[in-house]
>>> print(open('work_33.pdb').read())   # PDB, C-alpha atoms and all ligand atoms
ATOM      1  CA  MET A   1       2.043  12.910  -6.933
ATOM      2  CA  SER A   2       2.454   9.978  -9.260
ATOM      3  CA  ASP A   3       0.045   7.186 -10.127
ATOM      4  CA  ALA A   4       0.620   4.450  -7.531
ATOM      5  CA  LYS A   5      -0.635   1.753  -9.960
ATOM      6  CA  VAL A   6      -1.882  -0.317  -6.999
ATOM      7  CA  LYS A   7      -2.392  -4.031  -7.608
ATOM      8  CA  PHE A   8      -4.401  -6.188  -5.202
ATOM      9  CA  LEU A   9      -2.970  -9.611  -4.442
ATOM     10  CA  ASN A  10      -3.749 -12.728  -2.452
ATOM     11  CA  LEU A  11      -1.465 -13.959   0.345
ATOM     12  CA  ARG A  12       0.766 -15.791  -2.152
ATOM     13  CA  GLY A  13       1.195 -12.592  -4.144
ATOM     14  CA  ASP A  14      -1.012 -13.513  -7.117
ATOM     15  CA  PRO A  15      -3.447 -10.895  -8.486
ATOM     16  CA  VAL A  16      -7.021 -11.236  -7.175
ATOM     17  CA  GLY A  17     -10.210 -10.993  -9.214
ATOM     18  CA  PRO A  18     -12.701  -8.117  -8.755
ATOM     19  CA  ASN A  19     -14.861 -10.170  -6.350
ATOM     20  CA  GLU A  20     -12.000 -11.743  -4.402
ATOM     21  CA  LYS A  21     -10.818 -10.211  -1.130
ATOM     22  CA  PRO A  22      -7.154  -9.184  -1.248
ATOM     23  CA  ALA A  23      -4.552  -9.950   1.448
ATOM     24  CA  ARG A  24      -1.731  -7.823  -0.005
ATOM     25  CA  PHE A  25      -1.125  -4.964  -2.369
ATOM     26  CA  SER A  26       1.758  -3.706  -4.432
ATOM     27  CA  PHE A  27       2.332  -0.314  -5.968
ATOM     28  CA  SER A  28       4.621   1.325  -8.455
ATOM     29  CA  CYS A  29       7.612   2.944  -6.781
ATOM     30  CA  PRO A  30       7.688   6.714  -7.465
ATOM     31  CA  LYS A  31      11.494   6.644  -7.511
ATOM     32  CA  ARG A  32      11.355   3.966 -10.181
ATOM     33  CA  ALA A  33      14.472   2.404  -8.642
ATOM     34  CA  HIS A  34      12.532  -0.846  -9.020
ATOM     35  CA  SER A  35       9.141  -1.694 -10.460
ATOM     36  CA  THR A  36       7.342  -2.026  -7.095
ATOM     37  CA  CYS A  37       8.177  -1.275  -3.479
ATOM     38  CA  GLY A  38       7.388  -4.859  -2.528
ATOM     39  CA  THR A  39       4.106  -6.423  -1.541
ATOM     40  CA  LEU A  40       2.487  -5.017   1.572
ATOM     41  CA  LEU A  41       0.150  -6.909   3.874
ATOM     42  CA  LEU A  42      -3.389  -5.642   4.452
ATOM     43  CA  LYS A  43      -4.948  -5.657   7.900
ATOM     44  CA  GLU A  44      -7.738  -8.174   8.304
ATOM     45  CA  GLY A  45     -11.176  -6.656   7.979
ATOM     46  CA  PRO A  46     -14.540  -6.970   6.229
ATOM     47  CA  ARG A  47     -13.003  -6.060   2.837
ATOM     48  CA  THR A  48      -9.803  -8.085   3.104
ATOM     49  CA  ALA A  49      -8.868 -11.753   3.281
ATOM     50  CA  VAL A  50      -8.328 -13.530   6.607
ATOM     51  CA  HIS A  51      -4.622 -14.358   6.984
ATOM     52  CA  GLY A  52      -4.083 -14.848  10.727
ATOM     53  CA  ILE A  53      -0.775 -12.967  10.720
ATOM     54  CA  LYS A  54      -0.017 -11.040  13.906
ATOM     55  CA  HIS A  55       0.166  -7.276  13.503
ATOM     56  CA  ASP A  56       3.454  -5.612  14.400
ATOM     57  CA  PRO A  57       4.409  -2.341  12.710
ATOM     58  CA  GLN A  58       8.123  -3.138  13.233
ATOM     59  CA  ASN A  59       7.989  -6.643  11.669
ATOM     60  CA  GLN A  60       9.041  -8.177  14.988
ATOM     61  CA  ASN A  61       8.068 -11.090  17.275
ATOM     62  CA  GLY A  62       6.483 -13.044  14.448
ATOM     63  CA  GLY A  63       4.281 -10.090  13.519
ATOM     64  CA  LYS A  64       4.188  -8.098  10.313
ATOM     65  CA  ALA A  65       3.493  -4.503   9.397
ATOM     66  CA  GLN A  66      -0.042  -4.209   7.983
ATOM     67  CA  TRP A  67      -1.936  -1.506   6.171
ATOM     68  CA  GLU A  68      -5.476  -0.284   6.567
ATOM     69  CA  TRP A  69      -7.299   0.020   3.211
ATOM     70  CA  ASN A  70     -10.368   2.196   2.578
ATOM     71  CA  GLY A  71     -11.955  -0.442   0.324
ATOM     72  CA  ASN A  72     -11.730   1.627  -2.849
ATOM     73  CA  ARG A  73     -10.207  -0.467  -5.661
ATOM     74  CA  GLU A  74     -10.086   2.254  -8.297
ATOM     75  CA  ALA A  75      -8.500   4.971  -6.138
ATOM     76  CA  PRO A  76      -7.298   3.253  -2.954
ATOM     77  CA  THR A  77      -6.053   4.970   0.181
ATOM     78  CA  PHE A  78      -3.815   3.165   2.686
ATOM     79  CA  GLN A  79      -2.703   3.932   6.224
ATOM     80  CA  PRO A  80      -0.064   4.303   7.629
ATOM     81  CA  SER A  81       2.622   5.673   5.321
ATOM     82  CA  VAL A  82       4.857   3.359   3.303
ATOM     83  CA  ASP A  83       8.574   3.503   4.037
ATOM     84  CA  CYS A  84      10.592   1.890   1.278
ATOM     85  CA  LYS A  85      13.935   2.291   3.079
ATOM     86  CA  GLY A  86      16.473   4.356   1.211
ATOM     87  CA  CYS A  87      14.044   4.750  -1.673
ATOM     88  CA  TRP A  88      10.839   6.590  -0.908
ATOM     89  CA  HIS A  89       8.658   7.381   2.110
ATOM     90  CA  GLY A  90       5.127   8.539   1.592
ATOM     91  CA  TYR A  91       1.409   7.891   1.550
ATOM     92  CA  ILE A  92      -0.825   6.296  -1.031
ATOM     93  CA  ILE A  93      -3.907   8.486  -1.171
ATOM     94  CA  SER A  94      -6.697   8.026  -3.728
ATOM     95  CA  GLY A  95      -4.408   5.895  -5.874
ATOM     96  CA  ARG A  96      -1.601   8.459  -5.925
ATOM     97  CA  CYS A  97       1.797   8.454  -4.227
ATOM     98  CA  LYS A  98       2.353  11.420  -1.950
ATOM     99  CA  GLN A  99       5.731  11.934  -0.331
ATOM    100  CA  VAL A 100       5.634  12.688   3.417
ATOM    101  CA  ASP A 101       7.559  15.939   3.148
ATOM    102  CA  GLN A 102       5.151  17.314   0.543
ATOM    103  CA  THR A 103       3.190  19.891   2.487
ATOM    104  CA  THR A 104       1.109  21.158  -0.395
ATOM    105  CA  ASP A 105      -1.927  19.506  -1.917
ATOM    106  CA  GLU A 106      -1.202  21.055  -5.296
ATOM    107  CA  PRO A 107      -0.954  18.392  -7.969
ATOM    108  CA  GLU A 108       2.555  17.950  -9.346
ATOM    109  CA  PRO A 109       3.418  17.453 -12.983
ATOM    110  CA  GLU A 110       3.846  13.773 -13.796
TER
HETATM  111 ZN    ZN A 201      10.862   1.843  -3.681
END
>>> encode(input="work_33.pdb", output="structure tokens")
Amino acid sequence: MSDAKVKFLNLRGDPVGPNEKPARFSFSCPKRAHSTCGTLLLKEGPRTAVHGIKHDPQNQNGGKAQWEWNGNREAPTFQPSVDCKGCWHGYIISGRCKQVDQTTDEPEPE
């Protein structure tokens, strides 16, 4: 698992302060094909900003895929998995990237 280097952002994609509720997040792509796998939208909730965007996991009918965040800024966990098409598909758990086909919980060398 590699460090996901999660950054919390507002709806415009600017970094948020420690007391500001985020609307999006970005993370460092484990494949390093690019610096981040894009900015992902967070589901509205008590810890996240209100954005009024309809939830649709397939990005259809005016809706957008959205991720559930556990509220931990230092070591965040998100659900569901992140599919960066043709690049990487995995989970961000406790601030680390974990590929979906990794069946073991053993830490990998960086
Ligand atoms: Zn990627």
>>> closest_atom_pairs(input="work_33.pdb", of="chain A", to="ligand ZN 201 (chain A)", cutoff="8 Å", atoms="all atoms listed in the file", output="Markdown table")
| residue | atom | partner | partner_atom | distance |
| --- | --- | --- | --- | --- |
| A:Ser28 | CA | A:ZN201 | ZN | 7.9 |
| A:Cys29 | CA | A:ZN201 | ZN | 4.6 |
| A:Pro30 | CA | A:ZN201 | ZN | 6.9 |
| A:Lys31 | CA | A:ZN201 | ZN | 6.2 |
| A:Arg32 | CA | A:ZN201 | ZN | 6.9 |
| A:Ala33 | CA | A:ZN201 | ZN | 6.2 |
| A:His34 | CA | A:ZN201 | ZN | 6.2 |
| A:Ser35 | CA | A:ZN201 | ZN | 7.8 |
| A:Thr36 | CA | A:ZN201 | ZN | 6.2 |
| A:Cys37 | CA | A:ZN201 | ZN | 4.1 |
| A:Gly38 | CA | A:ZN201 | ZN | 7.6 |
| A:Cys84 | CA | A:ZN201 | ZN | 5.0 |
| A:Lys85 | CA | A:ZN201 | ZN | 7.4 |
| A:Gly86 | CA | A:ZN201 | ZN | 7.9 |
| A:Cys87 | CA | A:ZN201 | ZN | 4.8 |
| A:Trp88 | CA | A:ZN201 | ZN | 5.5 |
>>> axis_aligned_box(input="work_33.pdb", around="stretch 22-41 of chain A", padding_each_side="8 Å", output="JSON")
{"center_x": 3.7, "center_y": -1.6, "center_z": -3.3, "size_x": 37.6, "size_y": 32.7, "size_z": 30.3}
>>> atom_distance(input="work_33.pdb", atom1="atom CA of A:Met1", atom2="atom CA of A:His89")
12.5 Å
>>> resolve_selection(input="work_33.pdb", expression="the PyMOL selection byres (((chain A and resi 96) around 9) and not hetatm)", output="MDAnalysis selection string")
chainID A and resid 1:6 75:77 91:95 97:98
>>> closest_residue(input="work_33.pdb", among="A:Glu44, A:Asn59, A:Trp67, A:Arg73", to="A:Asn19", atoms="all atoms listed in the file")
A:Arg73
>>> atom_distance(input="work_33.pdb", atom1="atom CA of A:Ala49", atom2="atom CA of A:Gly62")
19.0 Å
>>> residues_near_point(input="work_33.pdb", point="(2.3, -8.6, 3.1)", cutoff="8 Å", atoms="only C-alpha atoms", output="CSV table (one decimal) with C-alpha atoms, in the coordinates of the input")
chain,number,residue,atom,x,y,z
A,11,LEU,CA,-1.5,-14.0,0.3
A,23,ALA,CA,-4.6,-10.0,1.4
A,24,ARG,CA,-1.7,-7.8,0.0
A,25,PHE,CA,-1.1,-5.0,-2.4
A,39,THR,CA,4.1,-6.4,-1.5
A,40,LEU,CA,2.5,-5.0,1.6
A,41,LEU,CA,0.2,-6.9,3.9
A,42,LEU,CA,-3.4,-5.6,4.5
A,64,LYS,CA,4.2,-8.1,10.3
A,65,ALA,CA,3.5,-4.5,9.4
A,66,GLN,CA,0.0,-4.2,8.0
>>> atom_distance(input="work_33.pdb", atom1="atom CA of A:Val100", atom2="atom CA of A:Ser81")
7.9 Å
>>> resolve_selection(input="work_33.pdb", expression="the PyMOL selection byres (((chain A and resi 46) around 12) and not hetatm)", output="list in words")
Glu20, Lys21, Pro22, Ala23, Leu42, Lys43, Glu44, Gly45, Arg47, Thr48, Ala49, Val50, Glu68, Trp69, Asn70 and Gly71 of chain A
